[in-house]
Amino acid sequence: MPIQLKESDLPSLPSKTALVTGATSGIGLQTAILLASHGATVHIASRNPAKGEETVTGLRAQYPSHTYHHHPLDLSSAASAAASAAHFARENARLDILVANAGVAFVPVDELSADGLDMAFAVNHVGHFVFVRGLLPLLRRTAEGSGDVRVVVTSSAAYSFVDKVDLSDVACRVPGDGGSVRHLPAAGRRYGRSKRANILFAMELDRRLRAPDGAGAGVRVNVCHPGTIGGTALGDNGAFGVPAWGSRLLHGLISTVSLTPREGAMTQTLLAAADRVREEDVHGCFFAPRTGWNMRYTHSEEVDLGEWARNEEDAKVLWEWTEEWVDKVLGKGNWGGE
Ligand SMILES: NC(=O)c1ccc[n+]([C@@H]2O[C@H](COP(=O)([O-])OP(=O)(O)OC[C@H]3O[C@@H](n4cnc5c(N)ncnc54)[C@H](OP(=O)(O)O)[C@@H]3O)[C@@H](O)[C@H]2O)c1
């Protein structure tokens, strides 16, 4: 019987410190609100300092009893992700909950990150790899005291757009107008690759923490598909011949048959906070939302993705490739966290 979690499983979280990446918008914002409404101190990580501060100011005004802080984080650059993790670890005594939620989708395929990677791979996978790794010492220290630290990685059902994480062209820019409609399938595959990488990364991180010398006791890592959600800004970049009004119309249509951002936030919030995750030692699992007859969210459920997600060799190849890449960009041993 797969494990099921529902909103009533969310406990009071007054002593917890949480950080949510990409919390200025969409399901990240709703995850932050849900965690703060249960008493957690929530750090809103955002790439745009003005937008981050504005989000925190707005949330404090709307919810005076909640506690929010802003934390700068640009995942598109390994150096910035490492510096952001080091900054957070210097300023904070604990981190109980880390939700690696930020993401970009359907980025024009001629756009590379500052480090020279496909932007979706850079932000969704490599940036989070560096950021989470940089925070591991703090997460471990917190778990030594509490025995209950959570890392939740936000993936997507779009992992199925590809059948493997092909690393051969992650640093390749497609010449020409990469935002033209003929490149839409390629942009979709790039997004799918990054979301498949999220799953392999989460599984490998969980294994490494649980290894006898992994010193990760009490840190539980899980990964999720949050659902198909209307009303977020994902993929809203004006590319592929879709004007802003067309994108708004599409989102409007999707929102009639999809989850709301709050419903979309529920799976990762439950993995981040529900007591049952600790009580039943839920780790290394993939969860997705379930809906009722009226298409509304009912609960979140563990899903078996099959052998590929448990493939240790593929996850190790991705892990080592990413480490080597980051070593090249930052200089070996210069990650700032560990
Ligand atoms: N929406 C869906 O239907 C759906 C389905 C499956 C999975 N997901 C996943 O859910 C997650 C959240 O998506 P969403 O729908 O809530 O999208 P969203 O509204 O576009 O939110 C994405 C968040 O990521 C942040 N972000 C983007 N690039 C960043 C960077 N370089 N550094 C740091 N933060 C960055 C954005 O910041 P700004 O505010 O500055 O842009 C924003 O806060 C993503 O990982 C996505 O893949 C979404």
# chains A, B, ... in the order shown; residues from 1 in each chain; ligands from 1

$ residues_around --residues "Ser37 of chain A" --least-positions-apart "4" --cutoff "10 Å" --atoms "only C-alpha atoms" --output "list in words"
Ser12, Leu13, Pro14, Thr31, Ala32, Ile33, Thr41, Val42, Tyr63, Ser65, His66 and Thr67 of chain A

$ closest_atom_pairs --of "chain A" --to "ligand 1" --cutoff "6 Å" --atoms "only C-alpha atoms and all ligand atoms" --output "CSV"
residue,atom,partner,partner_atom_place_in_ligand_line,distance
A:Gly22,CA,ligand 1,43 (O),3.3
A:Ala23,CA,ligand 1,43 (O),4.7
A:Thr24,CA,ligand 1,43 (O),4.1
A:Ser25,CA,ligand 1,43 (O),4.3
A:Gly26,CA,ligand 1,16 (O),3.3
A:Ile27,CA,ligand 1,16 (O),4.0
A:Gly28,CA,ligand 1,16 (O),5.5
A:Ser46,CA,ligand 1,34 (N),5.1
A:Arg47,CA,ligand 1,33 (C),4.4
A:Asn48,CA,ligand 1,40 (O),5.3
A:Leu73,CA,ligand 1,33 (C),5.4
A:Asp74,CA,ligand 1,32 (N),3.7
A:Leu75,CA,ligand 1,32 (N),3.8
A:Ser76,CA,ligand 1,31 (N),4.2
A:Asn101,CA,ligand 1,45 (O),4.7
A:Ala102,CA,ligand 1,24 (O),3.5
A:Gly103,CA,ligand 1,45 (O),3.7
A:Val104,CA,ligand 1,27 (C),5.3
A:Val123,CA,ligand 1,31 (N),5.3
A:Thr154,CA,ligand 1,45 (O),5.2
A:Ser155,CA,ligand 1,7 (C),5.6
A:Ser156,CA,ligand 1,7 (C),4.0
A:His225,CA,ligand 1,6 (C),5.6
A:Pro226,CA,ligand 1,6 (C),5.4
A:Gly227,CA,ligand 1,5 (C),5.2
A:Thr228,CA,ligand 1,3 (O),3.7
A:Ile229,CA,ligand 1,3 (O),3.7
A:Thr232,CA,ligand 1,19 (O),4.0
A:Ala233,CA,ligand 1,19 (O),3.7
A:Leu234,CA,ligand 1,20 (O),3.4

$ closest_residue --among "A:Trp245, A:Trp335, A:Trp325, A:Tyr191" --to "Ala171 of chain A" --atoms "only C-alpha atoms"
A:Trp325

$ atom_distance --atom1 "atom CA of Ala187 of chain A" --atom2 "atom CA of Val126 of chain A"
17.3 Å

$ residues_around --residues "His71 of chain A" --least-positions-apart "3" --cutoff "10 Å" --atoms "only C-alpha atoms" --output "list in words"
Leu19, Val20, Thr21, Val42, His43, Ile44, Ala45, Ser46, Arg47, Asn48, Pro49, Gly52, Glu53, Val56, Tyr68, Ser84, Ala85, His87 and Phe88 of chain A

$ write_last_selection --atoms "C-alpha atoms" --output "PDB file, in the first residue's frame"
ATOM      1  CA  LEU A  19      14.117  27.724   3.271  1.00  0.00           C
ATOM      2  CA  VAL A  20      12.184  27.520   0.008  1.00  0.00           C
ATOM      3  CA  THR A  21      13.938  28.259  -3.298  1.00  0.00           C
ATOM      4  CA  VAL A  42      10.534  30.785   6.467  1.00  0.00           C
ATOM      5  CA  HIS A  43      13.380  32.092   4.316  1.00  0.00           C
ATOM      6  CA  ILE A  44      12.229  33.142   0.861  1.00  0.00           C
ATOM      7  CA  ALA A  45      15.162  32.464  -1.478  1.00  0.00           C
ATOM      8  CA  SER A  46      15.032  34.549  -4.607  1.00  0.00           C
ATOM      9  CA  ARG A  47      17.290  35.537  -7.495  1.00  0.00           C
ATOM     10  CA  ASN A  48      15.962  39.057  -7.738  1.00  0.00           C
ATOM     11  CA  PRO A  49      16.698  40.994  -4.500  1.00  0.00           C
ATOM     12  CA  GLY A  52      12.488  38.958  -2.863  1.00  0.00           C
ATOM     13  CA  GLU A  53      12.218  41.956  -0.510  1.00  0.00           C
ATOM     14  CA  VAL A  56       8.632  39.373   2.097  1.00  0.00           C
ATOM     15  CA  TYR A  68       9.485  35.553   6.785  1.00  0.00           C
ATOM     16  CA  SER A  84      24.386  31.885  -1.150  1.00  0.00           C
ATOM     17  CA  ALA A  85      24.652  28.569   0.759  1.00  0.00           C
ATOM     18  CA  HIS A  87      25.993  33.065   3.460  1.00  0.00           C
ATOM     19  CA  PHE A  88      22.935  31.238   4.818  1.00  0.00           C
TER      20      PHE A  88
END

$ closest_residue --among "A:Glu301, A:Leu35, A:Gly333, A:Arg94" --to "Arg140 of chain A" --atoms "only C-alpha atoms"
A:Arg94

$ select_by_dssp --residues "segment 19-66 of chain A" --states "strand (DSSP E or B)" --output "list in words"
Leu19, Val20, Thr21, Thr41, Val42, His43, Ile44, Ala45 and Ser46 of chain A

$ closest_residue --among "A:Leu34, A:Ala82, A:Leu184, A:Val152" --to "Gly127 of chain A" --atoms "only C-alpha atoms"
A:Ala82

$ closest_residue --among "A:His125, A:Arg190, A:Arg207, A:Arg60" --to "Val219 of chain A" --atoms "only C-alpha atoms"
A:Arg207

$ atom_distance --atom1 "atom CA of Ala197 of chain A" --atom2 "atom CA of Trp319 of chain A"
9.3 Å

$ residues_around --residues "Asn222 of chain A" --least-positions-apart "5" --cutoff "6 Å" --atoms "only C-alpha atoms" --output "MDAnalysis selection string"
chainID A and resid 152 283:285

$ atom_distance --atom1 "atom CA of Asp115 of chain A" --atom2 "atom CA of Asp169 of chain A"
14.1 Å
